[in-house]
file query07.pdb (PDB, C-alpha atoms)
ATOM      1  CA  MET A   1      37.353 -86.840  21.779  1.00  0.00           C
ATOM      2  CA  SER A   2      37.344 -84.428  24.712  1.00  0.00           C
ATOM      3  CA  ALA A   3      36.272 -85.559  28.159  1.00  0.00           C
ATOM      4  CA  GLY A   4      32.896 -84.446  29.414  1.00  0.00           C
ATOM      5  CA  PRO A   5      32.453 -82.111  32.351  1.00  0.00           C
ATOM      6  CA  ARG A   6      33.416 -83.238  35.829  1.00  0.00           C
ATOM      7  CA  ILE A   7      30.565 -84.517  37.998  1.00  0.00           C
ATOM      8  CA  VAL A   8      30.327 -83.555  41.667  1.00  0.00           C
ATOM      9  CA  LEU A   9      27.899 -84.936  44.226  1.00  0.00           C
ATOM     10  CA  ALA A  10      27.203 -82.303  46.897  1.00  0.00           C
ATOM     11  CA  SER A  11      26.654 -84.926  49.569  1.00  0.00           C
ATOM     12  CA  LYS A  12      28.450 -87.274  51.930  1.00  0.00           C
ATOM     13  CA  SER A  13      25.552 -89.743  51.829  1.00  0.00           C
ATOM     14  CA  PRO A  14      26.905 -93.283  51.312  1.00  0.00           C
ATOM     15  CA  ALA A  15      23.600 -94.325  49.705  1.00  0.00           C
ATOM     16  CA  ARG A  16      23.662 -91.530  47.115  1.00  0.00           C
ATOM     17  CA  GLY A  17      27.321 -92.142  46.371  1.00  0.00           C
ATOM     18  CA  ALA A  18      26.708 -95.876  45.954  1.00  0.00           C
ATOM     19  CA  LEU A  19      23.878 -95.239  43.483  1.00  0.00           C
ATOM     20  CA  LEU A  20      26.131 -93.167  41.224  1.00  0.00           C
ATOM     21  CA  ALA A  21      29.111 -95.511  41.617  1.00  0.00           C
ATOM     22  CA  ASN A  22      27.014 -98.602  40.879  1.00  0.00           C
ATOM     23  CA  ALA A  23      25.726 -96.895  37.736  1.00  0.00           C
ATOM     24  CA  GLY A  24      29.335 -96.559  36.539  1.00  0.00           C
ATOM     25  CA  ILE A  25      29.516 -92.793  37.066  1.00  0.00           C
ATOM     26  CA  ALA A  26      32.880 -91.230  37.930  1.00  0.00           C
ATOM     27  CA  PHE A  27      32.306 -88.393  40.373  1.00  0.00           C
ATOM     28  CA  ASP A  28      33.767 -86.465  43.289  1.00  0.00           C
ATOM     29  CA  ALA A  29      31.829 -86.197  46.549  1.00  0.00           C
ATOM     30  CA  ILE A  30      32.074 -82.780  48.203  1.00  0.00           C
ATOM     31  CA  PRO A  31      29.599 -82.331  51.051  1.00  0.00           C
ATOM     32  CA  SER A  32      27.777 -79.033  51.322  1.00  0.00           C
ATOM     33  CA  THR A  33      28.225 -76.853  54.393  1.00  0.00           C
ATOM     34  CA  VAL A  34      24.740 -75.343  54.124  1.00  0.00           C
ATOM     35  CA  ASP A  35      22.811 -74.987  57.384  1.00  0.00           C
ATOM     36  CA  GLU A  36      19.639 -76.857  56.408  1.00  0.00           C
ATOM     37  CA  ARG A  37      17.577 -75.565  59.329  1.00  0.00           C
ATOM     38  CA  GLN A  38      18.459 -71.967  58.388  1.00  0.00           C
ATOM     39  CA  VAL A  39      17.408 -72.532  54.767  1.00  0.00           C
ATOM     40  CA  GLU A  40      14.115 -74.166  55.631  1.00  0.00           C
ATOM     41  CA  ALA A  41      12.992 -71.915  58.524  1.00  0.00           C
ATOM     42  CA  PRO A  42      11.589 -69.068  56.365  1.00  0.00           C
ATOM     43  CA  LEU A  43      10.020 -71.601  53.997  1.00  0.00           C
ATOM     44  CA  ILE A  44       8.221 -73.340  56.852  1.00  0.00           C
ATOM     45  CA  ALA A  45       7.084 -69.952  58.189  1.00  0.00           C
ATOM     46  CA  ALA A  46       5.716 -69.108  54.731  1.00  0.00           C
ATOM     47  CA  GLY A  47       3.754 -72.372  54.614  1.00  0.00           C
ATOM     48  CA  ARG A  48       5.722 -73.950  51.772  1.00  0.00           C
ATOM     49  CA  SER A  49       4.993 -77.588  50.961  1.00  0.00           C
ATOM     50  CA  PRO A  50       7.387 -80.422  51.879  1.00  0.00           C
ATOM     51  CA  ALA A  51       8.221 -80.821  48.180  1.00  0.00           C
ATOM     52  CA  GLU A  52       9.076 -77.117  47.827  1.00  0.00           C
ATOM     53  CA  ILE A  53      11.270 -77.285  50.927  1.00  0.00           C
ATOM     54  CA  ALA A  54      13.093 -80.355  49.605  1.00  0.00           C
ATOM     55  CA  VAL A  55      13.760 -78.587  46.282  1.00  0.00           C
ATOM     56  CA  ALA A  56      15.027 -75.455  48.035  1.00  0.00           C
ATOM     57  CA  LEU A  57      17.421 -77.515  50.166  1.00  0.00           C
ATOM     58  CA  ALA A  58      18.693 -79.454  47.145  1.00  0.00           C
ATOM     59  CA  GLU A  59      19.297 -76.190  45.280  1.00  0.00           C
ATOM     60  CA  ALA A  60      21.074 -74.606  48.244  1.00  0.00           C
ATOM     61  CA  LYS A  61      23.437 -77.568  48.579  1.00  0.00           C
ATOM     62  CA  ALA A  62      24.224 -77.672  44.860  1.00  0.00           C
ATOM     63  CA  LEU A  63      24.822 -73.906  44.711  1.00  0.00           C
ATOM     64  CA  ASP A  64      27.015 -74.025  47.824  1.00  0.00           C
ATOM     65  CA  VAL A  65      29.351 -76.637  46.350  1.00  0.00           C
ATOM     66  CA  GLY A  66      28.978 -75.302  42.823  1.00  0.00           C
ATOM     67  CA  ALA A  67      30.355 -71.895  43.824  1.00  0.00           C
ATOM     68  CA  ALA A  68      33.874 -73.377  43.815  1.00  0.00           C
ATOM     69  CA  ALA A  69      33.363 -76.117  41.224  1.00  0.00           C
ATOM     70  CA  GLY A  70      33.837 -74.134  38.008  1.00  0.00           C
ATOM     71  CA  ASP A  71      32.163 -75.789  35.026  1.00  0.00           C
ATOM     72  CA  ALA A  72      31.513 -79.062  36.894  1.00  0.00           C
ATOM     73  CA  LEU A  73      28.029 -80.528  37.011  1.00  0.00           C
ATOM     74  CA  VAL A  74      27.027 -80.400  40.676  1.00  0.00           C
ATOM     75  CA  ILE A  75      24.217 -82.576  41.986  1.00  0.00           C
ATOM     76  CA  GLY A  76      22.462 -81.533  45.190  1.00  0.00           C
ATOM     77  CA  ALA A  77      19.738 -83.624  46.808  1.00  0.00           C
ATOM     78  CA  ASP A  78      17.525 -83.588  49.854  1.00  0.00           C
ATOM     79  CA  GLN A  79      14.514 -85.375  51.303  1.00  0.00           C
ATOM     80  CA  THR A  80      11.602 -84.326  53.462  1.00  0.00           C
ATOM     81  CA  LEU A  81       9.273 -86.654  55.337  1.00  0.00           C
ATOM     82  CA  ASP A  82       5.686 -85.675  55.982  1.00  0.00           C
ATOM     83  CA  ALA A  83       3.326 -87.682  58.213  1.00  0.00           C
ATOM     84  CA  ASP A  84      -0.171 -86.303  58.785  1.00  0.00           C
ATOM     85  CA  GLY A  85       1.010 -82.764  58.135  1.00  0.00           C
ATOM     86  CA  ARG A  86       4.027 -83.002  60.431  1.00  0.00           C
ATOM     87  CA  ARG A  87       7.447 -82.473  58.834  1.00  0.00           C
ATOM     88  CA  TRP A  88      10.363 -84.527  60.089  1.00  0.00           C
ATOM     89  CA  VAL A  89      14.137 -84.067  60.079  1.00  0.00           C
ATOM     90  CA  LYS A  90      16.970 -86.507  60.761  1.00  0.00           C
ATOM     91  CA  PRO A  91      17.038 -87.700  64.364  1.00  0.00           C
ATOM     92  CA  GLU A  92      19.861 -86.229  66.436  1.00  0.00           C
ATOM     93  CA  SER A  93      20.032 -89.063  68.981  1.00  0.00           C
ATOM     94  CA  MET A  94      19.131 -92.723  69.302  1.00  0.00           C
ATOM     95  CA  ASP A  95      16.230 -91.742  71.578  1.00  0.00           C
ATOM     96  CA  GLU A  96      14.908 -89.461  68.833  1.00  0.00           C
ATOM     97  CA  ALA A  97      15.331 -92.260  66.277  1.00  0.00           C
ATOM     98  CA  ARG A  98      13.331 -94.579  68.536  1.00  0.00           C
ATOM     99  CA  ASP A  99      10.571 -91.988  68.923  1.00  0.00           C
ATOM    100  CA  GLN A 100      10.393 -91.417  65.159  1.00  0.00           C
ATOM    101  CA  LEU A 101      10.065 -95.115  64.393  1.00  0.00           C
ATOM    102  CA  LEU A 102       7.444 -95.718  67.085  1.00  0.00           C
ATOM    103  CA  THR A 103       5.429 -92.727  65.871  1.00  0.00           C
ATOM    104  CA  LEU A 104       5.597 -93.867  62.220  1.00  0.00           C
ATOM    105  CA  ALA A 105       4.864 -97.522  63.037  1.00  0.00           C
ATOM    106  CA  GLY A 106       1.650 -98.821  61.486  1.00  0.00           C
ATOM    107  CA  ARG A 107       1.170 -95.620  59.480  1.00  0.00           C
ATOM    108  CA  SER A 108       1.844 -94.265  56.013  1.00  0.00           C
ATOM    109  CA  HIS A 109       4.009 -91.229  55.311  1.00  0.00           C
ATOM    110  CA  MET A 110       5.178 -89.309  52.277  1.00  0.00           C
ATOM    111  CA  LEU A 111       8.836 -88.971  51.354  1.00  0.00           C
ATOM    112  CA  GLN A 112       9.732 -86.156  48.959  1.00  0.00           C
ATOM    113  CA  THR A 113      13.107 -86.515  47.254  1.00  0.00           C
ATOM    114  CA  ALA A 114      14.414 -83.483  45.381  1.00  0.00           C
ATOM    115  CA  VAL A 115      17.503 -83.091  43.229  1.00  0.00           C
ATOM    116  CA  ALA A 116      19.004 -79.974  41.667  1.00  0.00           C
ATOM    117  CA  GLY A 117      21.723 -79.631  39.050  1.00  0.00           C
ATOM    118  CA  VAL A 118      24.106 -76.673  39.015  1.00  0.00           C
ATOM    119  CA  ARG A 119      26.695 -75.694  36.412  1.00  0.00           C
ATOM    120  CA  ALA A 120      28.873 -72.565  36.411  1.00  0.00           C
ATOM    121  CA  GLY A 121      27.138 -71.303  39.531  1.00  0.00           C
ATOM    122  CA  ALA A 122      23.617 -71.444  38.103  1.00  0.00           C
ATOM    123  CA  ILE A 123      20.754 -73.877  38.611  1.00  0.00           C
ATOM    124  CA  ARG A 124      20.248 -75.744  35.345  1.00  0.00           C
ATOM    125  CA  TRP A 125      17.770 -78.401  36.413  1.00  0.00           C
ATOM    126  CA  ARG A 126      15.531 -79.514  39.277  1.00  0.00           C
ATOM    127  CA  TYR A 127      13.328 -82.527  39.913  1.00  0.00           C
ATOM    128  CA  VAL A 128      11.207 -83.861  42.768  1.00  0.00           C
ATOM    129  CA  GLU A 129       9.766 -87.347  43.272  1.00  0.00           C
ATOM    130  CA  ALA A 130       7.209 -88.440  45.881  1.00  0.00           C
ATOM    131  CA  ALA A 131       6.914 -91.886  47.463  1.00  0.00           C
ATOM    132  CA  GLU A 132       4.451 -93.281  49.977  1.00  0.00           C
ATOM    133  CA  LEU A 133       5.851 -95.652  52.577  1.00  0.00           C
ATOM    134  CA  THR A 134       3.971 -97.659  55.186  1.00  0.00           C
ATOM    135  CA  LEU A 135       5.701 -99.108  58.220  1.00  0.00           C
ATOM    136  CA  ARG A 136       4.260-102.260  59.721  1.00  0.00           C
ATOM    137  CA  PRO A 137       3.033-102.128  63.321  1.00  0.00           C
ATOM    138  CA  LEU A 138       6.101-102.249  65.575  1.00  0.00           C
ATOM    139  CA  THR A 139       6.497-102.948  69.266  1.00  0.00           C
ATOM    140  CA  PRO A 140       9.023-100.978  71.333  1.00  0.00           C
ATOM    141  CA  ASP A 141      11.087-104.179  71.602  1.00  0.00           C
ATOM    142  CA  ALA A 142      11.152-104.588  67.819  1.00  0.00           C
ATOM    143  CA  VAL A 143      12.334-100.992  67.390  1.00  0.00           C
ATOM    144  CA  ASP A 144      15.009-101.462  70.050  1.00  0.00           C
ATOM    145  CA  ARG A 145      16.292-104.607  68.311  1.00  0.00           C
ATOM    146  CA  TYR A 146      16.447-102.774  64.989  1.00  0.00           C
ATOM    147  CA  LEU A 147      18.357 -99.847  66.479  1.00  0.00           C
ATOM    148  CA  GLU A 148      20.790-102.208  68.194  1.00  0.00           C
ATOM    149  CA  THR A 149      21.411-103.848  64.811  1.00  0.00           C
ATOM    150  CA  VAL A 150      22.030-100.677  62.785  1.00  0.00           C
ATOM    151  CA  GLY A 151      23.510 -98.457  65.504  1.00  0.00           C
ATOM    152  CA  GLU A 152      24.150 -94.814  64.694  1.00  0.00           C
ATOM    153  CA  ALA A 153      23.472 -95.406  60.992  1.00  0.00           C
ATOM    154  CA  ALA A 154      19.862 -94.758  62.020  1.00  0.00           C
ATOM    155  CA  LEU A 155      20.799 -91.096  62.494  1.00  0.00           C
ATOM    156  CA  GLY A 156      21.757 -90.764  58.836  1.00  0.00           C
ATOM    157  CA  SER A 157      18.259 -90.555  57.412  1.00  0.00           C
ATOM    158  CA  VAL A 158      14.980 -88.866  58.169  1.00  0.00           C
ATOM    159  CA  GLY A 159      12.651 -91.443  59.679  1.00  0.00           C
ATOM    160  CA  ALA A 160      15.649 -93.361  61.078  1.00  0.00           C
ATOM    161  CA  TYR A 161      15.371 -96.166  58.556  1.00  0.00           C
ATOM    162  CA  GLN A 162      17.411 -97.236  55.533  1.00  0.00           C
ATOM    163  CA  VAL A 163      15.430 -99.430  53.148  1.00  0.00           C
ATOM    164  CA  GLU A 164      18.648-100.598  51.463  1.00  0.00           C
ATOM    165  CA  GLY A 165      19.593-102.501  54.637  1.00  0.00           C
ATOM    166  CA  PRO A 166      17.873-104.096  57.618  1.00  0.00           C
ATOM    167  CA  GLY A 167      15.407-101.193  57.670  1.00  0.00           C
ATOM    168  CA  ILE A 168      13.432-102.870  54.881  1.00  0.00           C
ATOM    169  CA  GLN A 169      12.146-105.283  57.538  1.00  0.00           C
ATOM    170  CA  LEU A 170      10.262-102.411  59.155  1.00  0.00           C
ATOM    171  CA  PHE A 171       7.989-101.920  56.153  1.00  0.00           C
ATOM    172  CA  GLU A 172       4.638-103.271  55.080  1.00  0.00           C
ATOM    173  CA  ARG A 173       4.326-101.426  51.758  1.00  0.00           C
ATOM    174  CA  ILE A 174       6.355 -99.056  49.591  1.00  0.00           C
ATOM    175  CA  ASP A 175       4.924 -97.158  46.608  1.00  0.00           C
ATOM    176  CA  GLY A 176       7.455 -95.108  44.697  1.00  0.00           C
ATOM    177  CA  ASP A 177      10.778 -95.067  42.910  1.00  0.00           C
ATOM    178  CA  TYR A 178      13.305 -97.156  44.847  1.00  0.00           C
ATOM    179  CA  PHE A 179      16.272 -94.982  43.840  1.00  0.00           C
ATOM    180  CA  ALA A 180      14.471 -91.822  44.962  1.00  0.00           C
ATOM    181  CA  ILE A 181      13.674 -93.440  48.316  1.00  0.00           C
ATOM    182  CA  LEU A 182      17.398 -94.145  48.727  1.00  0.00           C
ATOM    183  CA  GLY A 183      18.024 -90.430  48.204  1.00  0.00           C
ATOM    184  CA  LEU A 184      18.619 -89.864  44.478  1.00  0.00           C
ATOM    185  CA  PRO A 185      16.106 -90.238  41.592  1.00  0.00           C
ATOM    186  CA  LEU A 186      18.734 -91.947  39.477  1.00  0.00           C
ATOM    187  CA  LEU A 187      17.100 -92.170  36.038  1.00  0.00           C
ATOM    188  CA  PRO A 188      16.227 -88.438  35.870  1.00  0.00           C
ATOM    189  CA  VAL A 189      19.752 -87.617  37.115  1.00  0.00           C
ATOM    190  CA  LEU A 190      21.322 -89.751  34.373  1.00  0.00           C
ATOM    191  CA  SER A 191      19.085 -88.086  31.778  1.00  0.00           C
ATOM    192  CA  TRP A 192      20.266 -84.638  32.925  1.00  0.00           C
ATOM    193  CA  LEU A 193      23.926 -85.691  32.878  1.00  0.00           C
ATOM    194  CA  ARG A 194      23.506 -86.914  29.283  1.00  0.00           C
ATOM    195  CA  LYS A 195      21.835 -83.642  28.305  1.00  0.00           C
ATOM    196  CA  GLU A 196      24.798 -81.732  29.727  1.00  0.00           C
ATOM    197  CA  GLY A 197      27.292 -83.865  27.777  1.00  0.00           C
ATOM    198  CA  ALA A 198      28.732 -85.732  30.752  1.00  0.00           C
ATOM    199  CA  LEU A 199      27.496 -89.147  29.580  1.00  0.00           C
ATOM    200  CA  ALA A 200      27.181 -90.729  26.168  1.00  0.00           C
TER     201      ALA A 200
END
call {"tool": "encode", "arguments": {"input": "query07.pdb", "output": "structure tokens"}}
result
Amino acid sequence: MSAGPRIVLASKSPARGALLANAGIAFDAIPSTVDERQVEAPLIAAGRSPAEIAVALAEAKALDVGAAAGDALVIGADQTLDADGRRWVKPESMDEARDQLLTLAGRSHMLQTAVAGVRAGAIRWRYVEAAELTLRPLTPDAVDRYLETVGEAALGSVGAYQVEGPGIQLFERIDGDYFAILGLPLLPVLSWLRKEGALA
């Protein structure tokens, strides 16, 4: 019996990698070099929705890595955070992380997680999942304690939280697929990999 196609994750995200690894998937992680701000700028100017922007970014990452990946199945993913019509990106400093958390505190926001599958240089599949997350009211001291605990890991995700770790303590309510919130809608991804012959 011949081996299935190679699987490549176009991301350096530890959370996404852990989801695939914990599911028993053998894969290579090759981060994309796409300039996300350059991809999204014309989409924002054209008034595209957060979900559309997330899909476009996921596709761009998968195509970027897929260009040199031959017949491998390449998975690209991205997330956008929307709060009251304002779109957020990953914080670039601890001060920005603090500002994001204090602004989101006591409010609900939408997280759009998109994934795209590429094979032989072409997009074969795309999927987007929405989740609504509500942070509990937070004092500046509580945010400072959280950031001291997690350190620069806070810069690794939009919103400056990671629900798979101490960040879960920041939340009052979460409505949505847990895997998608972590960065990869795992069950749809596994279904696509089976359809492409990579899994039994």
call {"tool": "residues_around", "arguments": {"input": "query07.pdb", "residues": "range 41-53 of chain A", "least_positions_apart": "5", "cutoff": "9 Å", "atoms": "all atoms listed in the file", "output": "mmCIF file with C-alpha atoms, in the frame of the given file"}}
result
data_model
loop_
_atom_site.group_PDB
_atom_site.id
_atom_site.type_symbol
_atom_site.label_atom_id
_atom_site.label_comp_id
_atom_site.auth_asym_id
_atom_site.auth_seq_id
_atom_site.Cartn_x
_atom_site.Cartn_y
_atom_site.Cartn_z
ATOM 1 C CA GLU A 36 19.639 -76.857 56.408
ATOM 2 C CA ALA A 58 18.693 -79.454 47.145
ATOM 3 C CA ASP A 78 17.525 -83.588 49.854
ATOM 4 C CA GLN A 79 14.514 -85.375 51.303
ATOM 5 C CA THR A 80 11.602 -84.326 53.462
ATOM 6 C CA LEU A 81 9.273 -86.654 55.337
ATOM 7 C CA ASP A 82 5.686 -85.675 55.982
ATOM 8 C CA ARG A 87 7.447 -82.473 58.834
ATOM 9 C CA LEU A 111 8.836 -88.971 51.354
ATOM 10 C CA GLN A 112 9.732 -86.156 48.959
ATOM 11 C CA THR A 113 13.107 -86.515 47.254
ATOM 12 C CA ALA A 114 14.414 -83.483 45.381
ATOM 13 C CA VAL A 128 11.207 -83.861 42.768
ATOM 14 C CA GLU A 129 9.766 -87.347 43.272
ATOM 15 C CA ALA A 130 7.209 -88.440 45.881
#
call {"tool": "resolve_selection", "arguments": {"input": "query07.pdb", "expression": "the PyMOL selection byres ((chain A and resi 116-120) around 6)", "output": "list in words"}}
result
Ala58, Glu59, Ala62, Gly70, Asp71, Ala72, Leu73, Val74, Ile75, Gly76, Val115, Gly121, Ala122, Ile123, Arg124, Trp125 and Arg126 of chain A
call {"tool": "residues_around", "arguments": {"input": "query07.pdb", "residues": "Ser32 in chain A", "least_positions_apart": "6", "cutoff": "12 Å", "atoms": "all atoms listed in the file", "output": "JSON, numbers by chain"}}
result
{"A": [8, 9, 10, 11, 12, 13, 57, 58, 59, 60, 61, 62, 63, 64, 65, 66, 67, 68, 69, 74, 75, 76, 77, 78]}
call {"tool": "closest_residue", "arguments": {"input": "query07.pdb", "among": "A:Leu199, A:Ala29, A:Met110, A:Val163", "to": "Arg16 in chain A", "atoms": "only C-alpha atoms"}}
result
A:Ala29
call {"tool": "residues_around", "arguments": {"input": "query07.pdb", "residues": "range 141-146 of chain A", "least_positions_apart": "6", "cutoff": "8 Å", "atoms": "all atoms listed in the file", "output": "PyMOL selection string"}}
result
chain A and resi 98+101-102+166-167
call {"tool": "axis_aligned_box", "arguments": {"input": "query07.pdb", "around": "range 155-159 of chain A", "padding_each_side": "8 Å", "output": "JSON"}}
result
{"center_x": 17.2, "center_y": -90.2, "center_z": 60.0, "size_x": 25.1, "size_y": 18.6, "size_z": 21.1}
call {"tool": "atom_distance", "arguments": {"input": "query07.pdb", "atom1": "CA of Gly183 in chain A", "atom2": "CA of Ala15 in chain A"}}
result
7.0 Å
call {"tool": "atom_distance", "arguments": {"input": "query07.pdb", "atom1": "CA of Leu182 in chain A", "atom2": "CA of Ala83 in chain A"}}
result
18.2 Å
call {"tool": "resolve_selection", "arguments": {"input": "query07.pdb", "expression": "the PyMOL selection byres ((chain A and resi 169) around 12)", "output": "list in words"}}
result
Ala105, Thr134, Leu135, Arg136, Pro137, Leu138, Ala142, Val143, Arg145, Tyr146, Thr149, Tyr161, Gln162, Val163, Glu164, Gly165, Pro166, Gly167, Ile168, Leu170, Phe171, Glu172, Arg173 and Ile174 of chain A
call {"tool": "closest_residue", "arguments": {"input": "query07.pdb", "among": "A:Asp99, A:Glu196, A:Ile181, A:Leu186", "to": "Gly24 in chain A", "atoms": "all atoms listed in the file"}}
result
A:Leu186
call {"tool": "atom_distance", "arguments": {"input": "query07.pdb", "atom1": "CA of Arg6 in chain A", "atom2": "CA of Val55 in chain A"}}
result
22.7 Å
call {"tool": "resolve_selection", "arguments": {"input": "query07.pdb", "expression": "the PyMOL selection byres ((chain A and resi 26) around 10)", "output": "JSON, numbers by chain"}}
result
{"A": [6, 7, 8, 20, 21, 22, 23, 24, 25, 27, 28, 198]}
call {"tool": "closest_residue", "arguments": {"input": "query07.pdb", "among": "A:Pro91, A:Pro5, A:Gly156, A:Gly17", "to": "Phe179 in chain A", "atoms": "only C-alpha atoms"}}
result
A:Gly17
call {"tool": "build_atoms", "arguments": {"input": "query07.pdb", "residues": "range 118-142 of chain A", "atoms": "N, CA and C atoms", "output": "CSV table (one decimal), keeping the file's coordinate frame"}}
result
chain,number,residue,atom,x,y,z
A,118,VAL,N,23.5,-78.0,39.2
A,118,VAL,CA,24.1,-76.7,39.0
A,118,VAL,C,25.3,-76.8,38.1
A,119,ARG,N,25.5,-75.8,37.2
A,119,ARG,CA,26.7,-75.7,36.4
A,119,ARG,C,27.1,-74.2,36.3
A,120,ALA,N,28.4,-73.9,36.5
A,120,ALA,CA,28.9,-72.6,36.4
A,120,ALA,C,28.1,-71.6,37.3
A,121,GLY,N,27.8,-72.1,38.5
A,121,GLY,CA,27.1,-71.3,39.5
A,121,GLY,C,25.7,-71.0,39.4
A,122,ALA,N,25.0,-71.7,38.4
A,122,ALA,CA,23.6,-71.4,38.1
A,122,ALA,C,22.8,-72.8,38.1
A,123,ILE,N,21.6,-72.7,38.6
A,123,ILE,CA,20.8,-73.9,38.6
A,123,ILE,C,20.3,-74.2,37.2
A,124,ARG,N,20.6,-75.4,36.7
A,124,ARG,CA,20.2,-75.7,35.3
A,124,ARG,C,19.1,-76.7,35.3
A,125,TRP,N,18.8,-77.3,36.4
A,125,TRP,CA,17.8,-78.4,36.4
A,125,TRP,C,17.3,-78.7,37.8
A,126,ARG,N,16.1,-79.1,38.0
A,126,ARG,CA,15.5,-79.5,39.3
A,126,ARG,C,14.5,-80.6,39.0
A,127,TYR,N,14.3,-81.4,40.0
A,127,TYR,CA,13.3,-82.5,39.9
A,127,TYR,C,12.9,-83.0,41.3
A,128,VAL,N,11.7,-83.3,41.5
A,128,VAL,CA,11.2,-83.9,42.8
A,128,VAL,C,10.3,-85.1,42.5
A,129,GLU,N,10.5,-86.1,43.4
A,129,GLU,CA,9.8,-87.3,43.3
A,129,GLU,C,9.2,-87.7,44.6
A,130,ALA,N,7.9,-88.1,44.6
A,130,ALA,CA,7.2,-88.4,45.9
A,130,ALA,C,7.0,-89.9,46.0
A,131,ALA,N,7.2,-90.5,47.2
A,131,ALA,CA,6.9,-91.9,47.5
A,131,ALA,C,6.1,-92.0,48.7
A,132,GLU,N,5.2,-93.0,48.8
A,132,GLU,CA,4.5,-93.3,50.0
A,132,GLU,C,4.9,-94.6,50.6
A,133,LEU,N,5.3,-94.5,51.9
A,133,LEU,CA,5.9,-95.7,52.6
A,133,LEU,C,5.0,-96.0,53.8
A,134,THR,N,4.8,-97.2,54.0
A,134,THR,CA,4.0,-97.7,55.2
A,134,THR,C,4.8,-98.6,56.0
A,135,LEU,N,5.0,-98.2,57.3
A,135,LEU,CA,5.7,-99.1,58.2
A,135,LEU,C,4.7,-100.1,58.8
A,136,ARG,N,5.1,-101.3,59.1
A,136,ARG,CA,4.3,-102.3,59.7
A,136,ARG,C,4.1,-101.9,61.2
A,137,PRO,N,3.1,-102.4,61.9
A,137,PRO,CA,3.0,-102.1,63.3
A,137,PRO,C,4.3,-102.7,64.0
A,138,LEU,N,4.9,-101.9,64.9
A,138,LEU,CA,6.1,-102.2,65.6
A,138,LEU,C,6.0,-102.1,67.1
A,139,THR,N,6.5,-103.1,67.8
A,139,THR,CA,6.5,-102.9,69.3
A,139,THR,C,7.8,-102.2,69.7
A,140,PRO,N,7.8,-101.6,70.9
A,140,PRO,CA,9.0,-101.0,71.3
A,140,PRO,C,10.2,-101.9,71.3
A,141,ASP,N,10.0,-103.2,71.6
A,141,ASP,CA,11.1,-104.2,71.6
A,141,ASP,C,11.6,-104.4,70.2
A,142,ALA,N,10.7,-104.4,69.2
A,142,ALA,CA,11.2,-104.6,67.8
A,142,ALA,C,12.0,-103.4,67.4
